[in-house]
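Novice: mmCIF, C-alpha atoms and all ligand atoms, file coords33.cif:
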```cif
data_model
#
loop_
_atom_site.label_atom_id
_atom_site.label_comp_id
_atom_site.auth_asym_id
_atom_site.auth_seq_id
_atom_site.Cartn_x
_atom_site.Cartn_y
_atom_site.Cartn_z
CA MET C 2 -96.04 -70.32 -18.38
CA SER C 3 -98.93 -71.95 -16.62
CA ILE C 4 -99.01 -71.85 -12.83
CA ARG C 5 -100.60 -74.35 -10.49
CA ILE C 6 -100.84 -73.66 -6.78
CA ARG C 7 -102.33 -76.15 -4.36
CA GLN C 8 -103.06 -75.88 -0.65
CA MET C 9 -100.42 -73.23 -0.13
CA MET C 10 -99.84 -72.45 3.57
CA LYS C 11 -97.60 -69.84 5.09
CA ARG C 12 -97.30 -68.35 8.52
CA PHE C 13 -95.06 -65.75 10.07
CA GLY C 14 -94.79 -66.48 13.78
CA SER C 15 -98.37 -66.79 15.01
CA THR C 16 -99.88 -65.10 11.94
CA GLU C 17 -101.35 -67.39 9.32
CA VAL C 18 -100.81 -65.44 6.12
CA LEU C 19 -101.80 -68.05 3.53
CA ARG C 20 -104.39 -70.59 4.65
CA GLY C 21 -104.73 -73.07 1.84
CA VAL C 22 -104.53 -71.23 -1.46
CA ASP C 23 -105.47 -73.03 -4.69
CA LEU C 24 -104.95 -71.17 -7.94
CA ASP C 25 -104.45 -71.98 -11.62
CA VAL C 26 -103.17 -69.45 -14.12
CA ALA C 27 -103.00 -70.29 -17.81
CA GLN C 28 -100.18 -69.36 -20.18
CA GLY C 29 -100.64 -65.83 -21.48
CA GLU C 30 -103.19 -64.81 -18.88
CA LEU C 31 -103.15 -61.50 -17.07
CA VAL C 32 -104.48 -62.15 -13.59
CA ALA C 33 -105.01 -59.59 -10.85
CA LEU C 34 -104.78 -60.47 -7.16
CA LEU C 35 -107.14 -58.07 -5.44
CA GLY C 36 -107.71 -57.79 -1.73
CA PRO C 37 -107.39 -55.60 1.31
CA SER C 38 -104.05 -54.84 2.85
CA GLY C 39 -102.67 -57.80 4.79
CA SER C 40 -104.63 -60.45 2.88
CA GLY C 41 -101.45 -62.22 1.73
CA LYS C 42 -101.10 -60.96 -1.84
CA THR C 43 -97.44 -59.99 -1.60
CA THR C 44 -96.57 -63.18 0.25
CA LEU C 45 -98.13 -65.29 -2.50
CA LEU C 46 -96.22 -63.37 -5.15
CA LYS C 47 -92.95 -63.70 -3.23
CA ILE C 48 -93.42 -67.46 -2.94
CA ILE C 49 -93.88 -67.69 -6.70
CA ALA C 50 -90.75 -65.58 -7.16
CA GLY C 51 -88.75 -67.74 -4.76
CA LEU C 52 -88.23 -64.93 -2.25
CA GLU C 53 -90.28 -66.74 0.40
CA TRP C 54 -90.93 -70.41 1.00
CA PRO C 55 -94.32 -71.81 2.01
CA ASP C 56 -94.80 -74.08 5.04
CA ALA C 57 -96.85 -76.46 2.94
CA GLY C 58 -98.39 -76.74 -0.47
CA GLU C 59 -97.49 -77.13 -4.09
CA LEU C 60 -96.20 -74.71 -6.73
CA ARG C 61 -95.83 -75.99 -10.25
CA VAL C 62 -94.97 -73.95 -13.31
CA GLU C 63 -95.38 -75.75 -16.60
CA GLY C 64 -95.61 -78.90 -14.50
CA GLU C 65 -92.19 -78.32 -12.93
CA ASP C 66 -91.90 -78.25 -9.12
CA TRP C 67 -90.71 -74.73 -8.44
CA LEU C 68 -90.34 -75.29 -4.72
CA GLN C 69 -87.26 -77.32 -5.69
CA LEU C 70 -85.93 -74.48 -7.82
CA GLU C 71 -83.95 -71.58 -6.41
CA ALA C 72 -85.05 -68.04 -7.19
CA GLN C 73 -82.27 -67.26 -9.68
CA ARG C 74 -83.27 -70.18 -11.86
CA ARG C 75 -86.95 -69.26 -12.07
CA ARG C 76 -86.47 -66.52 -14.67
CA ILE C 77 -89.06 -64.20 -13.22
CA GLY C 78 -89.55 -60.50 -13.85
CA PHE C 79 -90.54 -58.80 -10.61
CA VAL C 80 -91.66 -55.20 -10.19
CA PHE C 81 -92.41 -53.80 -6.75
CA GLN C 82 -94.54 -50.87 -5.70
CA HIS C 83 -91.53 -48.93 -4.51
CA TYR C 84 -89.43 -49.00 -7.61
CA ALA C 85 -85.99 -50.11 -6.60
CA LEU C 86 -84.04 -48.63 -9.50
CA PHE C 87 -80.32 -48.29 -8.86
CA PRO C 88 -79.91 -44.57 -8.30
CA HIS C 89 -76.30 -44.37 -9.50
CA MET C 90 -76.98 -46.14 -12.78
CA THR C 91 -78.45 -44.65 -15.92
CA VAL C 92 -81.73 -45.94 -17.29
CA ARG C 93 -79.76 -48.01 -19.83
CA ASP C 94 -77.62 -49.62 -17.14
CA ASN C 95 -80.63 -50.25 -14.94
CA ILE C 96 -82.37 -52.11 -17.75
CA ALA C 97 -79.19 -54.00 -18.66
CA PHE C 98 -78.59 -55.04 -15.06
CA GLY C 99 -80.25 -58.46 -15.08
CA LEU C 100 -78.31 -59.49 -18.15
CA SER C 101 -74.93 -58.04 -17.19
CA VAL C 102 -74.83 -59.82 -13.82
CA ARG C 103 -75.33 -63.24 -15.33
CA PRO C 104 -72.49 -65.75 -15.00
CA ARG C 105 -70.11 -65.44 -17.93
CA ALA C 106 -71.20 -68.74 -19.46
CA ILE C 107 -74.78 -67.55 -20.02
CA ARG C 108 -74.17 -63.80 -20.29
CA PRO C 109 -74.93 -62.29 -23.69
CA GLY C 110 -72.14 -60.29 -25.35
CA ARG C 111 -71.83 -56.57 -24.64
CA ASP C 112 -73.27 -55.68 -28.06
CA GLN C 113 -76.16 -58.06 -27.63
CA ILE C 114 -77.02 -56.55 -24.26
CA ALA C 115 -76.85 -53.03 -25.72
CA ALA C 116 -79.13 -54.06 -28.58
CA LYS C 117 -81.61 -55.63 -26.18
CA VAL C 118 -81.67 -52.49 -24.05
CA GLU C 119 -82.30 -50.24 -27.09
CA GLU C 120 -85.08 -52.55 -28.22
CA LEU C 121 -86.74 -52.33 -24.80
CA LEU C 122 -86.29 -48.57 -24.56
CA SER C 123 -88.18 -48.05 -27.78
CA PHE C 124 -90.74 -50.75 -26.99
CA LEU C 125 -91.47 -49.09 -23.65
CA GLN C 126 -91.59 -45.66 -25.31
CA ILE C 127 -88.76 -44.28 -23.21
CA GLY C 128 -86.09 -44.17 -25.93
CA HIS C 129 -85.20 -40.59 -25.08
CA LEU C 130 -84.51 -41.38 -21.43
CA GLY C 131 -81.69 -43.92 -21.78
CA GLY C 132 -78.96 -41.62 -20.49
CA ARG C 133 -80.85 -40.24 -17.52
CA TYR C 134 -80.57 -41.20 -13.87
CA PRO C 135 -83.62 -42.34 -11.85
CA ALA C 136 -83.73 -39.06 -9.91
CA GLU C 137 -84.27 -37.24 -13.22
CA LEU C 138 -87.43 -39.24 -14.03
CA SER C 139 -91.08 -38.87 -13.13
CA GLY C 140 -92.81 -41.62 -11.17
CA GLY C 141 -94.48 -42.99 -14.28
CA GLN C 142 -91.20 -43.01 -16.19
CA ARG C 143 -89.48 -44.85 -13.34
CA GLN C 144 -92.15 -47.51 -13.42
CA ARG C 145 -91.57 -47.99 -17.14
CA VAL C 146 -87.85 -48.39 -16.48
CA ALA C 147 -88.57 -50.85 -13.66
CA LEU C 148 -90.69 -52.87 -16.04
CA GLY C 149 -87.94 -52.65 -18.69
CA ARG C 150 -85.48 -54.05 -16.20
CA ALA C 151 -87.87 -56.87 -15.39
CA LEU C 152 -88.48 -57.66 -19.08
CA ALA C 153 -84.79 -57.59 -20.08
CA ILE C 154 -84.18 -61.14 -18.92
CA GLU C 155 -87.13 -62.30 -21.04
CA PRO C 156 -88.94 -63.67 -18.02
CA LYS C 157 -91.17 -66.68 -18.17
CA LEU C 158 -93.44 -64.95 -15.74
CA LEU C 159 -94.03 -61.33 -14.88
CA LEU C 160 -94.97 -60.58 -11.27
CA LEU C 161 -96.07 -57.05 -10.47
CA ASP C 162 -96.71 -56.00 -6.87
CA GLU C 163 -98.78 -52.80 -6.80
CA PRO C 164 -96.50 -51.38 -9.47
CA PHE C 165 -98.49 -48.18 -9.85
CA GLY C 166 -99.40 -47.84 -6.19
CA ALA C 167 -97.49 -44.65 -5.56
CA LEU C 168 -98.60 -42.79 -8.68
CA ASP C 169 -101.33 -40.26 -9.46
CA ALA C 170 -104.67 -41.55 -10.69
CA SER C 171 -104.30 -40.19 -14.23
CA ILE C 172 -100.80 -41.65 -14.67
CA ARG C 173 -102.03 -44.95 -13.30
CA ARG C 174 -104.74 -45.04 -15.94
CA ASP C 175 -102.23 -44.40 -18.72
CA LEU C 176 -99.81 -47.02 -17.41
CA ARG C 177 -102.63 -49.52 -17.07
CA ARG C 178 -103.47 -49.40 -20.78
CA TRP C 179 -99.80 -49.41 -21.62
CA LEU C 180 -99.15 -52.44 -19.40
CA ARG C 181 -102.02 -54.29 -21.05
CA SER C 182 -100.42 -53.70 -24.46
CA VAL C 183 -96.98 -54.75 -23.17
CA HIS C 184 -98.51 -57.91 -21.77
CA GLU C 185 -100.16 -58.73 -25.07
CA ALA C 186 -97.06 -57.95 -27.14
CA THR C 187 -94.76 -60.10 -24.99
CA ASN C 188 -97.23 -62.97 -24.70
CA SER C 189 -96.13 -63.37 -21.11
CA THR C 190 -98.08 -64.71 -18.17
CA THR C 191 -98.60 -61.85 -15.76
CA LEU C 192 -99.70 -61.82 -12.13
CA PHE C 193 -100.57 -58.41 -10.88
CA VAL C 194 -101.26 -57.37 -7.28
CA THR C 195 -103.46 -54.42 -6.45
CA HIS C 196 -105.89 -53.23 -3.82
CA ASP C 197 -107.56 -50.97 -6.39
CA GLN C 198 -110.74 -52.53 -7.75
CA GLU C 199 -110.92 -50.39 -10.83
CA GLU C 200 -107.34 -51.22 -11.72
CA ALA C 201 -107.90 -54.94 -11.28
CA PHE C 202 -111.11 -55.05 -13.25
CA GLU C 203 -109.94 -52.86 -16.09
CA LEU C 204 -106.65 -54.62 -16.60
CA ALA C 205 -107.08 -58.28 -15.86
CA ASP C 206 -108.52 -61.22 -17.78
CA ARG C 207 -109.50 -62.71 -14.43
CA VAL C 208 -109.53 -61.29 -10.94
CA VAL C 209 -108.68 -63.27 -7.82
CA ILE C 210 -110.22 -61.83 -4.67
CA MET C 211 -108.13 -62.54 -1.58
CA GLY C 212 -109.29 -62.11 1.99
CA ALA C 213 -107.18 -63.01 5.02
CA GLY C 214 -105.05 -65.69 3.43
CA ARG C 215 -107.72 -67.35 1.34
CA ILE C 216 -109.05 -67.00 -2.15
CA GLU C 217 -112.65 -65.87 -1.82
CA GLN C 218 -113.56 -65.79 -5.50
CA VAL C 219 -112.02 -65.99 -8.95
CA GLY C 220 -113.77 -64.58 -11.98
CA THR C 221 -114.34 -61.81 -14.45
CA ALA C 222 -115.12 -58.29 -13.35
CA GLU C 223 -118.79 -58.63 -14.29
CA HIS C 224 -119.28 -61.94 -12.57
CA ILE C 225 -117.69 -60.85 -9.30
CA HIS C 226 -119.63 -57.59 -9.37
CA ASP C 227 -122.99 -59.23 -9.97
CA TYR C 228 -122.51 -62.51 -8.12
CA PRO C 229 -120.18 -62.09 -5.16
CA ALA C 230 -119.58 -65.62 -3.88
CA THR C 231 -119.27 -64.78 -0.20
CA PRO C 232 -120.36 -62.05 2.22
CA PHE C 233 -116.71 -60.96 2.32
CA VAL C 234 -116.66 -60.35 -1.44
CA ALA C 235 -120.04 -58.62 -1.33
CA ARG C 236 -118.74 -56.21 1.31
CA PHE C 237 -115.44 -55.78 -0.44
CA MET C 238 -117.29 -54.91 -3.65
CA GLY C 239 -119.08 -52.13 -1.85
CA ALA C 240 -122.33 -53.76 -0.71
CA THR C 241 -122.16 -52.06 2.68
CA VAL C 242 -125.88 -52.16 3.38
CA GLU C 243 -126.37 -55.38 5.30
CA LEU C 244 -129.95 -56.30 6.14
CA PRO C 245 -131.38 -59.22 8.10
CA VAL C 246 -134.15 -60.69 5.94
CA THR C 247 -136.60 -63.56 6.04
CA LEU C 248 -136.29 -66.08 3.23
CA ARG C 249 -139.57 -67.42 1.92
CA ALA C 250 -140.04 -69.38 -1.30
CA GLY C 251 -136.70 -68.19 -2.64
CA ARG C 252 -137.38 -64.53 -1.91
CA ALA C 253 -136.05 -62.13 0.68
CA GLU C 254 -138.55 -60.15 2.72
CA ARG C 255 -138.10 -57.28 5.10
CA ALA C 256 -140.66 -54.92 6.59
CA GLY C 257 -140.86 -51.62 4.77
CA TRP C 258 -138.75 -52.76 1.82
CA ASP C 259 -139.71 -53.61 -1.72
CA LEU C 260 -137.36 -56.48 -2.56
CA THR C 261 -139.29 -57.85 -5.54
CA ALA C 262 -136.59 -56.67 -7.99
CA LEU C 263 -134.17 -59.25 -6.59
CA PRO C 264 -134.10 -62.51 -8.51
CA ARG C 265 -135.65 -65.54 -6.88
CA ALA C 266 -132.95 -67.93 -5.69
CA ALA C 267 -132.71 -71.44 -4.34
CA LEU C 268 -132.26 -70.53 -0.68
CA PRO C 269 -133.29 -72.36 2.47
CA GLU C 270 -136.31 -70.97 4.30
CA GLY C 271 -135.62 -68.86 7.35
CA ARG C 272 -133.12 -66.20 8.18
CA GLY C 273 -130.93 -64.60 5.59
CA THR C 274 -128.75 -61.57 5.06
CA LEU C 275 -129.12 -59.22 2.14
CA PHE C 276 -126.13 -57.21 0.89
CA VAL C 277 -126.90 -54.11 -1.16
CA ARG C 278 -124.73 -51.31 -2.55
CA PRO C 279 -125.81 -47.89 -1.32
CA GLY C 280 -126.27 -46.92 -4.99
CA ASP C 281 -128.77 -49.75 -5.45
CA VAL C 282 -131.09 -48.48 -2.73
CA GLU C 283 -134.00 -46.55 -4.18
CA VAL C 284 -135.44 -43.91 -1.86
CA ARG C 285 -138.84 -42.42 -2.63
CA PRO C 286 -140.06 -39.63 -0.39
CA ASP C 287 -143.55 -40.58 0.72
CA PRO C 288 -145.39 -39.43 3.85
CA ALA C 289 -146.78 -42.98 4.18
CA GLY C 290 -143.30 -44.56 3.93
CA GLU C 291 -141.96 -46.40 6.96
CA ALA C 292 -138.34 -45.29 6.61
CA ARG C 293 -137.01 -41.99 7.86
CA ILE C 294 -134.23 -39.84 6.42
CA LEU C 295 -131.76 -39.13 9.21
CA SER C 296 -129.38 -37.02 7.21
CA ALA C 297 -128.89 -35.96 3.61
CA PHE C 298 -125.96 -34.21 2.05
CA SER C 299 -124.87 -33.64 -1.48
CA THR C 300 -121.42 -34.30 -2.93
CA GLY C 301 -122.33 -32.33 -6.04
CA SER C 302 -123.12 -35.30 -8.24
CA THR C 303 -124.87 -37.48 -5.66
CA TRP C 304 -127.01 -37.39 -2.56
CA ARG C 305 -125.64 -39.34 0.36
CA LEU C 306 -128.39 -40.33 2.72
CA GLU C 307 -128.50 -41.96 6.07
CA LEU C 308 -131.82 -43.64 6.79
CA GLU C 309 -133.53 -45.72 9.39
CA ASP C 310 -135.78 -48.41 8.00
CA ALA C 311 -139.01 -49.80 9.47
CA GLY C 312 -137.04 -52.35 11.47
CA GLY C 313 -134.79 -49.71 12.99
CA MET C 314 -131.72 -50.56 10.85
CA ARG C 315 -129.50 -47.66 9.91
CA ILE C 316 -128.51 -47.78 6.27
CA GLU C 317 -126.81 -45.54 3.74
CA ALA C 318 -128.07 -44.77 0.29
CA GLU C 319 -126.54 -42.93 -2.60
CA LEU C 320 -128.66 -41.32 -5.31
CA PRO C 321 -127.88 -39.21 -8.33
CA ARG C 322 -128.59 -35.60 -7.35
CA ARG C 323 -130.09 -34.48 -10.63
CA GLY C 324 -133.73 -35.29 -11.11
CA GLN C 325 -134.33 -36.12 -7.46
CA PRO C 326 -137.21 -34.67 -5.55
CA GLU C 327 -136.17 -32.72 -2.46
CA LEU C 328 -134.82 -35.08 0.19
CA GLN C 329 -135.16 -33.59 3.60
CA GLN C 330 -133.91 -34.65 6.96
CA GLY C 331 -136.75 -36.15 8.97
CA ALA C 332 -138.86 -36.95 5.90
CA SER C 333 -140.48 -40.34 5.46
CA ALA C 334 -139.63 -42.53 2.48
CA ARG C 335 -140.19 -45.85 0.82
CA LEU C 336 -137.21 -48.13 0.18
CA ARG C 337 -136.54 -50.50 -2.67
CA ALA C 338 -133.43 -52.52 -3.50
CA THR C 339 -132.83 -52.62 -7.25
CA ALA C 340 -130.02 -55.18 -6.92
CA GLY C 341 -128.40 -57.17 -4.15
CA ARG C 342 -127.14 -60.50 -3.00
CA VAL C 343 -128.72 -62.76 -0.40
CA PHE C 344 -126.86 -65.29 1.73
CA PRO C 345 -128.54 -67.72 4.06
CA GLY C 346 -128.07 -67.20 7.79
CA GLY C 347 -128.09 -64.19 10.03
CA THR C 348 -125.23 -61.81 10.63
CA ASP C 349 -125.16 -62.70 14.30
CA ASP C 350 -125.23 -66.51 14.09
CA GLY C 351 -122.07 -66.77 12.03
CA ALA C 352 -123.62 -68.26 8.91
CA ALA C 353 -123.43 -65.09 6.86
CA GLN C 354 -120.20 -63.97 8.44
CA PRO C 355 -117.37 -63.37 6.03
CA SER C 356 -115.04 -66.34 5.78
CA ALA C 357 -112.43 -63.88 7.04
CA PRO C 358 -111.17 -63.05 9.52
CA ILE C 359 -111.03 -66.46 11.12
CA PRO C 360 -109.34 -66.97 14.49
CA LEU C 361 -105.83 -68.30 14.26
CA SER C 362 -105.32 -71.94 14.98
CA LYS C 363 -102.52 -72.69 17.38
CA GLU C 364 -100.63 -75.40 15.57
CA ILE C 365 -99.17 -75.23 12.08
CA ARG C 366 -101.36 -77.08 9.63
CA ARG C 367 -99.44 -79.17 7.16
N1 LIG C 401 -91.62 -61.20 6.68
C1 LIG C 401 -92.71 -61.10 7.46
N2 LIG C 401 -92.66 -61.31 8.78
C2 LIG C 401 -93.75 -61.25 9.56
N3 LIG C 401 -94.98 -60.98 9.10
C3 LIG C 401 -95.12 -60.75 7.79
C4 LIG C 401 -94.00 -60.80 6.89
N4 LIG C 401 -94.44 -60.55 5.64
C5 LIG C 401 -95.76 -60.34 5.77
N5 LIG C 401 -96.17 -60.47 7.02
C6 LIG C 401 -97.56 -60.36 7.50
O1 LIG C 401 -98.36 -61.19 6.69
C7 LIG C 401 -99.62 -60.60 6.41
C8 LIG C 401 -99.87 -60.52 4.92
O2 LIG C 401 -98.90 -59.68 4.36
P1 LIG C 401 -98.81 -59.43 2.79
O3 LIG C 401 -98.60 -60.70 2.07
O4 LIG C 401 -97.78 -58.38 2.61
O5 LIG C 401 -100.26 -58.87 2.46
P2 LIG C 401 -100.75 -57.89 1.30
O6 LIG C 401 -99.70 -57.84 0.24
O7 LIG C 401 -102.04 -58.50 0.83
O8 LIG C 401 -100.97 -56.57 1.95
C9 LIG C 401 -99.60 -59.26 7.10
O9 LIG C 401 -100.26 -59.41 8.32
C10 LIG C 401 -98.13 -58.98 7.30
O10 LIG C 401 -97.93 -58.16 8.42
MG MG C 402 -98.66 -56.23 -0.52
#
```
So, in terms of structure tokens, how does the structure I just supplied come out?

Specialist:
Amino acid sequence: MSIRIRQMMKRFGSTEVLRGVDLDVAQGELVALLGPSGSGKTTLLKIIAGLEWPDAGELRVEGEDWLQLEAQRRRIGFVFQHYALFPHMTVRDNIAFGLSVRPRAIRPGRDQIAAKVEELLSFLQIGHLGGRYPAELSGGQRQRVALGRALAIEPKLLLLDEPFGALDASIRRDLRRWLRSVHEATNSTTLFVTHDQEEAFELADRVVIMGAGRIEQVGTAEHIHDYPATPFVARFMGATVELPVTLRAGRAERAGWDLTALPRAALPEGRGTLFVRPGDVEVRPDPAGEARILSAFSTGSTWRLELEDAGGMRIEAELPRRGQPELQQGASARLRATAGRVFPGGTDDGAAQPSAPIPLSKEIRR
């Protein structure tokens, strides 16, 4: 099913949770909604599911106006972070639930339901667990059952809200690959919420970055990583070194820094802000260097440094530990950015501020 969302607005009391969301998802796509806690991901998913209603905006699925359609008629499979399996039902009965509670007129026969459940059990590779109760399952197994229950009704759309949130990293990785294969085998359209970058980028065809009720960027993992569209995305993607720079002939300049590795860009002359990941800061110990190492400690695989540059900015840098010359507190160094993203405007005049958070407006916008 294709989804089309336009100018979606939602507020709870005085909190604007969605502030004009536009999004298109194509049939068969697996899209991740990625963003910090409180950015409105769950609210957007609930509106699509029919569990919340927006204050304004448009939601169309295959061209049909879903805001006119009650939740039960949307045929959606929904899996939440905190798996709400029915504790007093076996795995089989949990998976059968959505079919067995249908009105008689559209309920499949008992045998048909049983056959569907067996098919799902083997498809989800939990055939041996059918007779167990949720309390007798591991977290990963419960999530498979939760997904089985969501898939039983043959949903038009699969909505997953941090489905692996509560699980260990290694189980999450397994389930990720498995979910990708389930998605491909069912040819469903899947929207997946996470605040875990790696999860979003590994799993999804496209990633939607949300910040404070707005979509900040939509794209592939590589594109978002290399070309964050806004300061918010740059920060969110880990570019925590934020430097005031001077823009001249499409290049960023800053005293004591070698910024010649950054690509020339069409930027207005004047003030700018450069965002760099700590791992993209090159630190070369050099008595003639204008930067000073304030602290250095090793995590085993990397050096974490705190430095002060020629302009007095405190920055962090992260370097592989192996093959580094000795980095000592108090030593002088030269700095180079091997990659980064420049936005026009200073950090203090608002121009390079993230588009979020934005102060709340008093009246409801419709
Ligand atoms: N039912 C509700 N009533 C009041 N505030 C809510 C409700 N649901 C969500 N919120 C608020 O809306 C904001 C976004 O929430 P949510 O959509 O859950 O974000 P996310 O899933 O990205 O963490 C948060 O500030 C949250 O506290
Ligand atoms: Mg949420």

Novice: Can you list, as a PyMOL selection string, every protein, DNA or RNA residue that comes within 8 Å of C:Asp310 when you count only C-alpha atoms, leaving out same-chain residues fewer than 5 positions away?

Specialist: chain C and resi 257+291-293+315-316+336

Novice: Grab the atom O1 of ligand LIG 401 (chain C) to atom CA of C:Val18 distance for me, in Å with one decimal place.

Specialist: 4.9 Å

Novice: If the box runs along x, y and z of the file and leaves 6 Å on each side of stretch 108-112 of chain C, what are its centre and edge lengths in Å, one decimal, as lines of an AutoDock Vina configuration file?

Specialist:
```
center_x = -73.4
center_y = -59.7
center_z = -24.2
size_x = 15.1
size_y = 20.1
size_z = 19.8
```

Novice: Find the residues around stretch 97-102 of chain C up to 12 Å (all atoms listed in the file counted), leave out those fewer than 2 positions away in its own chain, and share them as a PyMOL selection string.

Specialist: chain C and resi 73+76-79+86-87+90-95+104-122+131+146-156

Novice: Taking (-141.1, -41.5, 7.6) in the file's coordinates as the center, which residues reach within 8 Å of it, counting only C-alpha atoms, put as a list in words?

Specialist: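 Protein and nucleic acid residues near the point are Asp287, Pro288, Ala289, Gly290, Glu291, Ala292, Arg293, Ile294, Gly331, Ala332, Ser333 and Ala334 of chain C.
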
Novice: One decimal, Å: what's the distance from atom CA of C:Arg143 over to atom CA of C:Ala85, could you say?

Specialist: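 Separating atom CA of C:Arg143 from atom CA of C:Ala85 is a distance of 9.2 Å.
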
Novice: At what distance in Å, to one decimal, does atom CA of C:Ala262 lie from atom CA of C:Arg322?

Specialist: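 Atom CA of C:Ala262 lies 22.5 Å from atom CA of C:Arg322.
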
Novice: Can you pull out the residues contacting C:Ala340? Cut-off 9 Å, using only C-alpha atoms, and skip same-chain residues under 6 positions away; I want them as a list in words.

Specialist: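 The residues that qualify are Asp227, Leu260, Ala262, Leu263, Pro264, Phe276, Val277, Arg278, Asp281 and Val282 of chain C.
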
Novice: Have a look at C:Lys157, C:Arg7, C:His196, C:Arg74 and name the one nearest to ligand LIG 401 (chain C); count only C-alpha atoms and all ligand atoms.

Specialist: C:His196

Novice: Neighbours of C:Glu319 within 12 Å (all atoms listed in the file; same-chain residues fewer than 3 positions away dropped), as a PyMOL selection string?

Specialist: chain C and resi 239-242+277-284+296-308+316+322+325+328+338

Novice: Using C-alpha atoms, can you write the selected residues to a file as a JSON list (two decimals), keeping the file's coordinate frame?

Specialist:
```json
[["chain", "number", "residue", "atom", "x", "y", "z"],
["C", 239, "GLY", "CA", -119.08, -52.13, -1.85],
["C", 240, "ALA", "CA", -122.33, -53.76, -0.71],
["C", 241, "THR", "CA", -122.16, -52.06, 2.68],
["C", 242, "VAL", "CA", -125.88, -52.16, 3.38],
["C", 277, "VAL", "CA", -126.90, -54.11, -1.16],
["C", 278, "ARG", "CA", -124.73, -51.31, -2.55],
["C", 279, "PRO", "CA", -125.81, -47.89, -1.32],
["C", 280, "GLY", "CA", -126.27, -46.92, -4.99],
["C", 281, "ASP", "CA", -128.77, -49.75, -5.45],
["C", 282, "VAL", "CA", -131.09, -48.48, -2.73],
["C", 283, "GLU", "CA", -134.00, -46.55, -4.18],
["C", 284, "VAL", "CA", -135.44, -43.91, -1.86],
["C", 296, "SER", "CA", -129.38, -37.02, 7.21],
["C", 297, "ALA", "CA", -128.89, -35.96, 3.61],
["C", 298, "PHE", "CA", -125.96, -34.21, 2.05],
["C", 299, "SER", "CA", -124.87, -33.64, -1.48],
["C", 300, "THR", "CA", -121.42, -34.30, -2.93],
["C", 301, "GLY", "CA", -122.33, -32.33, -6.04],
["C", 302, "SER", "CA", -123.12, -35.30, -8.24],
["C", 303, "THR", "CA", -124.87, -37.48, -5.66],
["C", 304, "TRP", "CA", -127.01, -37.39, -2.56],
["C", 305, "ARG", "CA", -125.64, -39.34, 0.36],
["C", 306, "LEU", "CA", -128.39, -40.33, 2.72],
["C", 307, "GLU", "CA", -128.50, -41.96, 6.07],
["C", 308, "LEU", "CA", -131.82, -43.64, 6.79],
["C", 316, "ILE", "CA", -128.51, -47.78, 6.27],
["C", 322, "ARG", "CA", -128.59, -35.60, -7.35],
["C", 325, "GLN", "CA", -134.33, -36.12, -7.46],
["C", 328, "LEU", "CA", -134.82, -35.08, 0.19],
["C", 338, "ALA", "CA", -133.43, -52.52, -3.50]]
```

Novice: With only C-alpha atoms counted, which protein, DNA or RNA residues have an atom no more than 10 Å from (-91.2, -73.4, -8.0) in the file frame? Please answer as a list of chain:residue names.

Specialist: C:Ile4, C:Arg5, C:Ile6, C:Ile48, C:Ile49, C:Ala50, C:Gly51, C:Trp54, C:Glu59, C:Leu60, C:Arg61, C:Val62, C:Glu63, C:Gly64, C:Glu65, C:Asp66, C:Trp67, C:Leu68, C:Gln69, C:Leu70, C:Glu71, C:Ala72, C:Arg74, C:Arg75
